[in-house]
Amino acid sequence: MNRNHASDDAIVSNTDGGILRLTLNRPDKLNSFNSVMHLMLQDALHAAAKAEDVRVVIITGAGRAFCAGQDLSDNVYTPGAPPADLGKTIESYWNPLVRQIRRLPKPVIAAVNGTAAGAGANLALACDIVIAARSAKFIQSFAKIGLVPDSGGTWLLPRLIGDARARAISLTGDPVTAEQAADWGMIWKTVDDGALAETVENLAQSFASGPTYGYGLQKKAFLSSASSDFDAQLSLERDLQRDAGFSADYAEGVAAFMERRQPQFRGK
């Protein structure tokens with residue numbers, strides 16, 4: 001099935017061949033989020049979790065940026081007026097969004113085509129695999145306006161790059177190049193700008209023909225590992241492996257191995 005939104009929507013979506021492609025589409029605002037864009041992306045991810053014709057999700061940006069975070073004009077600061085409740089914005093929009101990405105039982109790839117700043121950087125880092133164009137940058141820009149990294153930034157960054165680097169890039173707001181991010185382990189890899197789309201597409205096609213149910217169980221295990229002790233994680237691995245072993249995809253994988261052919265996974 002092929003689903004499309006009009007090109008002037010804040011989120012452009014297309015599903016084809018098991019791949020859901022979601023493009024953040026406010027290039028004149030560097031794809032910063034307003035409330036409409038938040039709700040559209042949340043709805044798209046909610047539908048993707050249930051859709052049998054979606055087996056992998058790609059998130060990218062239109063134009064020269066991936067995402068500049070929150071559109072500050074949605075919460076305009078007026079001298080003398082009561083300040084906007086930014087905690088409400090986080091609780092209503094950003095927290096549900098990054099939770100959806102982490103819990104979605106299918107791989108989510110961030111194709112970072114340009115600058116990812118503020119919550120936009122942490123949106124990318126919440127994805128399972130991040131591939132960035134060589135010209136891209138990751139900026140924890142919160143300190144520049146007196147704010148705190150959100151959307152999982154203070155949780156993700158220390159685990160990805162260590163406490164010292166996480167604190168430094170957050171407190172200074174200094175940009176991290178795509179190559180540096182890859183060297184540090186913040187993202188999976190960087191590619192030449194012209195190769196980004198093809199690289200991401202090839203990976204997505206591999207996932208779309210892979211054992212989707214097993215991918216979802218892997219995501220569940222990794223999500224749990226952050227708060228589990230070793231023994232609890234061993235028990236969870238046992239339980240998830242039991243579930244995986246009862247799946248049709250496992251049966252097909254073993255049969256294909258024994259018959260020396262390519263498996264035909266059905267994703268259920």
# chains A, B, ... in the order shown; residues from 1 in each chain; ligands from 1

$ closest_atom_pairs --of "segment 129-168 of chain A" --to "segment 216-230 of chain A" --cutoff "12 Å" --atoms "only C-alpha atoms" --output "CSV"
residue,atom,partner,partner_atom,distance
A:Ile129,CA,A:Lys219,CA,11.4
A:Trp155,CA,A:Ala226,CA,9.7
A:Leu156,CA,A:Ala226,CA,10.2
A:Pro158,CA,A:Ala226,CA,11.8
A:Arg159,CA,A:Ala226,CA,9.0
A:Leu160,CA,A:Ala226,CA,11.9

$ select_by_dssp --residues "segment 15-254 of chain A" --states "strand (DSSP E)" --output "mmCIF file with N, CA and C atoms, in the first residue's frame"
data_model
loop_
_atom_site.group_PDB
_atom_site.id
_atom_site.type_symbol
_atom_site.label_atom_id
_atom_site.label_comp_id
_atom_site.auth_asym_id
_atom_site.auth_seq_id
_atom_site.Cartn_x
_atom_site.Cartn_y
_atom_site.Cartn_z
ATOM 1 N N THR A 15 4.786 5.255 2.203
ATOM 2 C CA THR A 15 5.053 3.859 2.539
ATOM 3 C C THR A 15 5.114 3.041 1.268
ATOM 4 N N ASP A 16 6.221 2.317 1.101
ATOM 5 C CA ASP A 16 6.391 1.502 -0.095
ATOM 6 C C ASP A 16 7.422 0.418 0.205
ATOM 7 N N ILE A 19 8.794 0.067 3.769
ATOM 8 C CA ILE A 19 9.548 1.193 4.324
ATOM 9 C C ILE A 19 8.630 2.399 4.459
ATOM 10 N N LEU A 20 8.521 2.947 5.662
ATOM 11 C CA LEU A 20 7.818 4.203 5.888
ATOM 12 C C LEU A 20 8.845 5.320 5.949
ATOM 13 N N ARG A 21 8.747 6.251 5.007
ATOM 14 C CA ARG A 21 9.655 7.394 4.952
ATOM 15 C C ARG A 21 8.929 8.621 5.470
ATOM 16 N N LEU A 22 9.463 9.207 6.532
ATOM 17 C CA LEU A 22 8.867 10.393 7.142
ATOM 18 C C LEU A 22 9.837 11.552 6.998
ATOM 19 N N THR A 23 9.385 12.609 6.305
ATOM 20 C CA THR A 23 10.241 13.781 6.085
ATOM 21 C C THR A 23 9.695 14.968 6.862
ATOM 22 N N LEU A 24 10.527 15.512 7.746
ATOM 23 C CA LEU A 24 10.176 16.743 8.449
ATOM 24 C C LEU A 24 10.188 17.861 7.415
ATOM 25 N N VAL A 56 10.018 -0.942 8.675
ATOM 26 C CA VAL A 56 11.130 -0.073 9.065
ATOM 27 C C VAL A 56 10.717 1.366 8.787
ATOM 28 N N VAL A 57 11.235 2.290 9.585
ATOM 29 C CA VAL A 57 10.890 3.713 9.462
ATOM 30 C C VAL A 57 12.166 4.521 9.233
ATOM 31 N N ILE A 58 12.102 5.452 8.293
ATOM 32 C CA ILE A 58 13.177 6.420 8.068
ATOM 33 C C ILE A 58 12.648 7.795 8.437
ATOM 34 N N ILE A 59 13.433 8.549 9.216
ATOM 35 C CA ILE A 59 13.101 9.944 9.520
ATOM 36 C C ILE A 59 14.223 10.820 8.979
ATOM 37 N N THR A 60 13.873 11.811 8.175
ATOM 38 C CA THR A 60 14.858 12.742 7.630
ATOM 39 C C THR A 60 14.246 14.131 7.558
ATOM 40 N N GLY A 61 15.013 15.097 7.074
ATOM 41 C CA GLY A 61 14.526 16.466 6.994
ATOM 42 C C GLY A 61 14.552 16.984 5.566
ATOM 43 N N ALA A 65 18.489 21.379 6.620
ATOM 44 C CA ALA A 65 18.599 20.966 8.021
ATOM 45 C C ALA A 65 17.850 19.673 8.254
ATOM 46 N N PHE A 66 18.276 18.944 9.270
ATOM 47 C CA PHE A 66 17.495 17.805 9.741
ATOM 48 C C PHE A 66 16.362 18.320 10.614
ATOM 49 N N CYS A 67 16.721 18.993 11.705
ATOM 50 C CA CYS A 67 15.710 19.567 12.592
ATOM 51 C C CYS A 67 16.385 20.511 13.569
ATOM 52 N N VAL A 108 14.081 2.085 13.499
ATOM 53 C CA VAL A 108 13.908 3.479 13.085
ATOM 54 C C VAL A 108 15.286 4.044 12.735
ATOM 55 N N ILE A 109 15.422 4.520 11.507
ATOM 56 C CA ILE A 109 16.690 5.071 11.020
ATOM 57 C C ILE A 109 16.561 6.580 10.907
ATOM 58 N N ALA A 110 17.513 7.305 11.464
ATOM 59 C CA ALA A 110 17.594 8.747 11.264
ATOM 60 C C ALA A 110 18.588 9.021 10.152
ATOM 61 N N ALA A 111 18.114 9.652 9.080
ATOM 62 C CA ALA A 111 18.984 10.084 7.989
ATOM 63 C C ALA A 111 19.220 11.572 8.181
ATOM 64 N N VAL A 112 20.330 11.912 8.824
ATOM 65 C CA VAL A 112 20.586 13.305 9.220
ATOM 66 C C VAL A 112 21.251 14.023 8.058
ATOM 67 N N THR A 115 22.034 20.097 9.730
ATOM 68 C CA THR A 115 22.155 20.403 11.153
ATOM 69 C C THR A 115 21.009 19.806 11.958
ATOM 70 N N ALA A 116 21.355 19.174 13.072
ATOM 71 C CA ALA A 116 20.397 18.680 14.050
ATOM 72 C C ALA A 116 20.710 19.396 15.358
ATOM 73 N N ALA A 117 19.811 20.268 15.783
ATOM 74 C CA ALA A 117 20.105 21.126 16.931
ATOM 75 C C ALA A 117 19.043 20.989 18.007
ATOM 76 N N ILE A 129 19.306 3.684 14.591
ATOM 77 C CA ILE A 129 20.524 3.842 13.804
ATOM 78 C C ILE A 129 20.538 5.257 13.235
ATOM 79 N N VAL A 130 21.662 5.940 13.394
ATOM 80 C CA VAL A 130 21.809 7.297 12.872
ATOM 81 C C VAL A 130 22.918 7.298 11.830
ATOM 82 N N ILE A 131 22.562 7.711 10.614
ATOM 83 C CA ILE A 131 23.534 7.891 9.540
ATOM 84 C C ILE A 131 23.477 9.364 9.145
ATOM 85 N N ALA A 132 24.617 10.021 9.116
ATOM 86 C CA ALA A 132 24.649 11.461 8.881
ATOM 87 C C ALA A 132 25.452 11.808 7.642
ATOM 88 N N ALA A 133 24.985 12.811 6.932
ATOM 89 C CA ALA A 133 25.771 13.387 5.842
ATOM 90 C C ALA A 133 27.007 14.049 6.429
ATOM 91 N N LYS A 137 25.806 18.584 11.354
ATOM 92 C CA LYS A 137 26.330 18.903 12.684
ATOM 93 C C LYS A 137 25.276 18.582 13.728
ATOM 94 N N PHE A 138 25.752 18.245 14.913
ATOM 95 C CA PHE A 138 24.879 17.989 16.054
ATOM 96 C C PHE A 138 25.182 19.044 17.114
ATOM 97 N N ILE A 139 24.168 19.774 17.536
ATOM 98 C CA ILE A 139 24.380 20.893 18.452
ATOM 99 C C ILE A 139 23.406 20.803 19.616
ATOM 100 N N VAL A 176 29.128 19.582 17.110
ATOM 101 C CA VAL A 176 29.873 18.347 16.904
ATOM 102 C C VAL A 176 29.676 17.951 15.441
ATOM 103 N N THR A 177 30.765 17.852 14.693
ATOM 104 C CA THR A 177 30.639 17.475 13.286
ATOM 105 C C THR A 177 30.177 16.031 13.168
ATOM 106 N N LYS A 189 27.408 6.037 11.687
ATOM 107 C CA LYS A 189 28.430 6.403 10.717
ATOM 108 C C LYS A 189 28.033 7.644 9.939
ATOM 109 N N THR A 190 29.028 8.202 9.244
ATOM 110 C CA THR A 190 28.818 9.341 8.362
ATOM 111 C C THR A 190 29.200 8.943 6.945
ATOM 112 N N VAL A 191 28.514 9.553 5.983
ATOM 113 C CA VAL A 191 28.778 9.260 4.572
ATOM 114 C C VAL A 191 28.804 10.589 3.808
#

$ residues_around --residues "Ser135 of chain A" --least-positions-apart "4" --cutoff "8 Å" --atoms "only C-alpha atoms" --output "JSON list (two decimals) with N, CA and C atoms, in the first residue's frame"
[["chain", "number", "residue", "atom", "x", "y", "z"],
["A", 113, "ASN", "N", 20.46, 14.77, 7.34],
["A", 113, "ASN", "CA", 20.88, 15.42, 6.10],
["A", 113, "ASN", "C", 21.52, 16.79, 6.32],
["A", 114, "GLY", "N", 21.41, 17.33, 7.51],
["A", 114, "GLY", "CA", 21.96, 18.65, 7.80],
["A", 114, "GLY", "C", 22.01, 18.86, 9.29],
["A", 177, "THR", "N", 30.76, 17.85, 14.69],
["A", 177, "THR", "CA", 30.64, 17.48, 13.29],
["A", 177, "THR", "C", 30.18, 16.03, 13.17],
["A", 178, "ALA", "N", 29.66, 15.69, 12.01],
["A", 178, "ALA", "CA", 29.20, 14.32, 11.78],
["A", 178, "ALA", "C", 30.35, 13.33, 11.95],
["A", 192, "ASP", "N", 29.36, 10.56, 2.61],
["A", 192, "ASP", "CA", 29.33, 11.76, 1.77],
["A", 192, "ASP", "C", 27.89, 12.20, 1.56],
["A", 193, "ASP", "N", 27.69, 13.50, 1.45],
["A", 193, "ASP", "CA", 26.33, 14.03, 1.34],
["A", 193, "ASP", "C", 25.55, 13.36, 0.21]]

$ residues_around --residues "Pro27 of chain A" --least-positions-apart "2" --cutoff "6 Å" --atoms "only C-alpha atoms" --output "JSON list (two decimals) with N, CA and C atoms, in the first residue's frame"
[["chain", "number", "residue", "atom", "x", "y", "z"],
["A", 25, "ASN", "N", 9.06, 18.54, 7.25],
["A", 25, "ASN", "CA", 8.89, 19.36, 6.05],
["A", 25, "ASN", "C", 8.50, 20.80, 6.37],
["A", 29, "LYS", "N", 11.76, 26.86, 8.24],
["A", 29, "LYS", "CA", 11.97, 26.97, 9.69],
["A", 29, "LYS", "C", 13.03, 25.96, 10.16],
["A", 30, "LEU", "N", 13.83, 25.47, 9.24],
["A", 30, "LEU", "CA", 14.85, 24.45, 9.53],
["A", 30, "LEU", "C", 14.22, 23.22, 10.19],
["A", 31, "ASN", "N", 12.97, 22.96, 9.78],
["A", 31, "ASN", "CA", 12.22, 21.80, 10.26],
["A", 31, "ASN", "C", 12.04, 21.79, 11.77],
["A", 62, "ALA", "N", 13.68, 17.93, 5.28],
["A", 62, "ALA", "CA", 13.66, 18.58, 3.97],
["A", 62, "ALA", "C", 14.58, 19.79, 4.00],
["A", 63, "GLY", "N", 15.21, 20.07, 2.87],
["A", 63, "GLY", "CA", 16.06, 21.25, 2.78],
["A", 63, "GLY", "C", 17.43, 21.03, 3.40]]

$ closest_residue --among "A:Arg261, A:Ser92, A:Lys50, A:Ile145" --to "Leu104 of chain A" --atoms "only C-alpha atoms"
A:Lys50

$ select_by_dssp --residues "segment 54-258 of chain A" --states "helix (DSSP H, G or I)" --output "ChimeraX atom specification"
/A:72-75,86-103,119-125,141-145,153-161,163-172,178-184,193-208,212-225,230-245,248-258

$ residues_around --residues "Ala49 of chain A" --least-positions-apart "2" --cutoff "10 Å" --atoms "only C-alpha atoms" --output "list in words"
Ala44, Leu45, His46, Ala47, Ala51, Glu52, Val54, Arg55, Val56, Val57, Gln100, Ile101, Arg103, Leu104, Pro105 and Lys106 of chain A

$ write_last_selection --atoms "all heavy atoms" --output "short mmCIF file (atom, residue, chain, number, x, y, z; two decimals), in the first residue's frame"
data_model
loop_
_atom_site.label_atom_id
_atom_site.label_comp_id
_atom_site.auth_asym_id
_atom_site.auth_seq_id
_atom_site.Cartn_x
_atom_site.Cartn_y
_atom_site.Cartn_z
N ALA A 44 1.78 9.42 12.94
CA ALA A 44 2.43 8.57 11.94
C ALA A 44 3.15 7.40 12.61
O ALA A 44 3.08 6.25 12.13
CB ALA A 44 3.40 9.38 11.10
N LEU A 45 3.82 7.65 13.71
CA LEU A 45 4.53 6.58 14.41
C LEU A 45 3.57 5.62 15.09
O LEU A 45 3.81 4.40 15.14
CB LEU A 45 5.51 7.18 15.43
CG LEU A 45 6.68 7.95 14.82
CD1 LEU A 45 7.47 8.66 15.91
CD2 LEU A 45 7.60 7.04 14.02
N HIS A 46 2.48 6.15 15.62
CA HIS A 46 1.46 5.30 16.24
C HIS A 46 0.88 4.34 15.20
O HIS A 46 0.73 3.13 15.46
CB HIS A 46 0.36 6.16 16.85
CG HIS A 46 -0.74 5.36 17.50
ND1 HIS A 46 -0.59 4.72 18.72
CD2 HIS A 46 -2.01 5.09 17.09
CE1 HIS A 46 -1.70 4.09 19.02
NE2 HIS A 46 -2.58 4.30 18.06
N ALA A 47 0.59 4.86 14.01
CA ALA A 47 0.06 4.01 12.95
C ALA A 47 1.10 3.00 12.48
O ALA A 47 0.78 1.84 12.19
CB ALA A 47 -0.41 4.88 11.78
N ALA A 51 0.87 -1.09 11.73
CA ALA A 51 0.70 -1.40 10.30
C ALA A 51 1.57 -2.57 9.87
O ALA A 51 2.80 -2.53 10.00
CB ALA A 51 1.02 -0.17 9.46
N GLU A 52 0.95 -3.61 9.32
CA GLU A 52 1.72 -4.77 8.86
C GLU A 52 2.55 -4.45 7.62
O GLU A 52 3.52 -5.15 7.34
CB GLU A 52 0.77 -5.93 8.57
CG GLU A 52 0.12 -6.51 9.82
CD GLU A 52 -0.68 -7.76 9.55
OE1 GLU A 52 -0.68 -8.21 8.38
OE2 GLU A 52 -1.30 -8.28 10.48
N VAL A 54 4.34 -1.84 7.27
CA VAL A 54 5.49 -1.04 7.69
C VAL A 54 6.42 -1.93 8.50
O VAL A 54 6.04 -2.47 9.53
CB VAL A 54 5.07 0.19 8.52
CG1 VAL A 54 6.30 0.89 9.09
CG2 VAL A 54 4.24 1.15 7.69
N ARG A 55 7.66 -2.08 8.03
CA ARG A 55 8.62 -2.93 8.72
C ARG A 55 9.88 -2.16 9.13
O ARG A 55 10.72 -2.68 9.87
CB ARG A 55 8.97 -4.14 7.85
CG ARG A 55 7.72 -5.00 7.60
CD ARG A 55 7.96 -6.14 6.65
NE ARG A 55 8.84 -7.17 7.21
CZ ARG A 55 9.13 -8.29 6.59
NH1 ARG A 55 8.62 -8.54 5.39
NH2 ARG A 55 9.94 -9.16 7.15
N VAL A 56 10.02 -0.94 8.68
CA VAL A 56 11.13 -0.07 9.07
C VAL A 56 10.72 1.37 8.79
O VAL A 56 9.92 1.62 7.87
CB VAL A 56 12.42 -0.44 8.29
CG1 VAL A 56 12.22 -0.33 6.79
CG2 VAL A 56 13.61 0.42 8.72
N VAL A 57 11.24 2.29 9.59
CA VAL A 57 10.89 3.71 9.46
C VAL A 57 12.17 4.52 9.23
O VAL A 57 13.18 4.29 9.91
CB VAL A 57 10.17 4.23 10.73
CG1 VAL A 57 9.87 5.73 10.61
CG2 VAL A 57 8.88 3.44 10.97
N GLN A 100 7.94 7.02 21.77
CA GLN A 100 7.42 6.24 20.65
C GLN A 100 8.54 5.64 19.81
O GLN A 100 8.48 4.48 19.41
CB GLN A 100 6.55 7.13 19.75
CG GLN A 100 5.14 7.35 20.24
CD GLN A 100 4.36 8.17 19.22
OE1 GLN A 100 4.67 9.33 18.98
NE2 GLN A 100 3.35 7.57 18.63
N ILE A 101 9.56 6.44 19.55
CA ILE A 101 10.67 5.96 18.73
C ILE A 101 11.41 4.82 19.42
O ILE A 101 11.70 3.78 18.82
CB ILE A 101 11.63 7.12 18.42
CG1 ILE A 101 10.96 8.12 17.47
CG2 ILE A 101 12.94 6.60 17.80
CD1 ILE A 101 11.74 9.40 17.27
N ARG A 103 10.30 2.78 21.67
CA ARG A 103 9.46 1.61 21.92
C ARG A 103 8.85 1.02 20.66
O ARG A 103 8.26 -0.05 20.72
CB ARG A 103 8.34 2.00 22.90
CG ARG A 103 8.87 2.35 24.29
CD ARG A 103 7.77 2.90 25.18
NE ARG A 103 8.29 3.25 26.51
CZ ARG A 103 7.59 3.90 27.44
NH1 ARG A 103 6.34 4.26 27.19
NH2 ARG A 103 8.14 4.18 28.60
N LEU A 104 8.96 1.69 19.55
CA LEU A 104 8.39 1.18 18.31
C LEU A 104 9.01 -0.19 18.01
O LEU A 104 10.23 -0.32 17.97
CB LEU A 104 8.69 2.15 17.15
CG LEU A 104 7.93 1.88 15.86
CD1 LEU A 104 6.49 2.38 15.98
CD2 LEU A 104 8.60 2.58 14.68
N PRO A 105 8.20 -1.22 17.78
CA PRO A 105 8.75 -2.57 17.61
C PRO A 105 9.30 -2.82 16.21
O PRO A 105 9.23 -3.94 15.70
CB PRO A 105 7.53 -3.46 17.89
CG PRO A 105 6.36 -2.64 17.47
CD PRO A 105 6.72 -1.21 17.81
N LYS A 106 9.87 -1.80 15.61
CA LYS A 106 10.46 -1.87 14.28
C LYS A 106 11.65 -0.93 14.24
O LYS A 106 11.66 0.08 14.95
CB LYS A 106 9.42 -1.47 13.22
CG LYS A 106 8.19 -2.37 13.24
CD LYS A 106 7.01 -1.80 12.50
CE LYS A 106 5.79 -2.70 12.71
NZ LYS A 106 4.60 -2.22 11.98
#

$ residues_around --residues "Asn122 of chain A" --least-positions-apart "6" --cutoff "8 Å" --atoms "only C-alpha atoms" --output "count of residues only"
5

$ closest_residue --among "A:Glu237, A:Asp249, A:Glu179, A:Asp53" --to "Ala136 of chain A" --atoms "only C-alpha atoms"
A:Glu179

$ closest_residue --among "A:Asp128, A:Glu91, A:Asp243, A:Asp43" --to "Ile11 of chain A" --atoms "only C-alpha atoms"
A:Asp43

$ closest_residue --among "A:Ser73, A:Ser35, A:Thr154, A:Thr172" --to "Leu97 of chain A" --atoms "only C-alpha atoms"
A:Ser35

$ residues_around --residues "Gly210 of chain A" --least-positions-apart "4" --cutoff "10 Å" --atoms "only C-alpha atoms" --output "number ranges by chain"
A: 55-56, 204-206, 214-215, 249, 253, 263-267

$ write_last_selection --atoms "N, CA, C and O atoms" --output "short mmCIF file (atom, residue, chain, number, x, y, z; two decimals), in the first residue's frame"
data_model
loop_
_atom_site.label_atom_id
_atom_site.label_comp_id
_atom_site.auth_asym_id
_atom_site.auth_seq_id
_atom_site.Cartn_x
_atom_site.Cartn_y
_atom_site.Cartn_z
N ARG A 55 7.66 -2.08 8.03
CA ARG A 55 8.62 -2.93 8.72
C ARG A 55 9.88 -2.16 9.13
O ARG A 55 10.72 -2.68 9.87
N VAL A 56 10.02 -0.94 8.68
CA VAL A 56 11.13 -0.07 9.07
C VAL A 56 10.72 1.37 8.79
O VAL A 56 9.92 1.62 7.87
N ALA A 204 17.50 0.34 4.85
CA ALA A 204 16.07 0.18 5.10
C ALA A 204 15.51 -1.02 4.35
O ALA A 204 14.68 -1.78 4.88
N GLN A 205 15.95 -1.22 3.11
CA GLN A 205 15.48 -2.37 2.35
C GLN A 205 15.90 -3.68 3.01
O GLN A 205 15.15 -4.66 3.01
N SER A 206 17.10 -3.69 3.58
CA SER A 206 17.55 -4.88 4.30
C SER A 206 16.66 -5.16 5.49
O SER A 206 16.25 -6.31 5.73
N GLY A 214 11.78 -10.23 15.48
CA GLY A 214 13.04 -10.30 16.23
C GLY A 214 13.65 -8.93 16.46
O GLY A 214 14.22 -8.66 17.52
N TYR A 215 13.56 -8.06 15.46
CA TYR A 215 14.08 -6.69 15.64
C TYR A 215 13.37 -6.01 16.80
O TYR A 215 13.99 -5.32 17.62
N ASP A 249 9.32 -16.41 11.85
CA ASP A 249 10.57 -15.91 11.26
C ASP A 249 11.75 -16.78 11.68
O ASP A 249 12.65 -17.04 10.87
N GLY A 253 14.13 -18.79 9.22
CA GLY A 253 15.57 -18.54 9.22
C GLY A 253 16.37 -19.82 9.32
O GLY A 253 17.37 -20.01 8.61
N PRO A 263 16.50 -16.50 3.27
CA PRO A 263 15.22 -16.61 4.00
C PRO A 263 14.19 -15.63 3.45
O PRO A 263 14.54 -14.56 2.93
N GLN A 264 12.94 -16.01 3.56
CA GLN A 264 11.82 -15.16 3.15
C GLN A 264 11.03 -14.81 4.41
O GLN A 264 10.00 -15.41 4.71
N PHE A 265 11.53 -13.83 5.16
CA PHE A 265 10.88 -13.45 6.40
C PHE A 265 9.58 -12.70 6.13
O PHE A 265 9.50 -11.88 5.20
N ARG A 266 8.59 -12.97 6.94
CA ARG A 266 7.29 -12.35 6.75
C ARG A 266 6.99 -11.28 7.78
O ARG A 266 5.98 -10.60 7.70
N GLY A 267 7.87 -11.16 8.78
CA GLY A 267 7.73 -10.06 9.71
C GLY A 267 6.70 -10.23 10.79
O GLY A 267 6.32 -9.27 11.45
#

$ atom_distance --atom1 "atom CA of Ala143 of chain A" --atom2 "atom CA of Ala166 of chain A"
12.8 Å
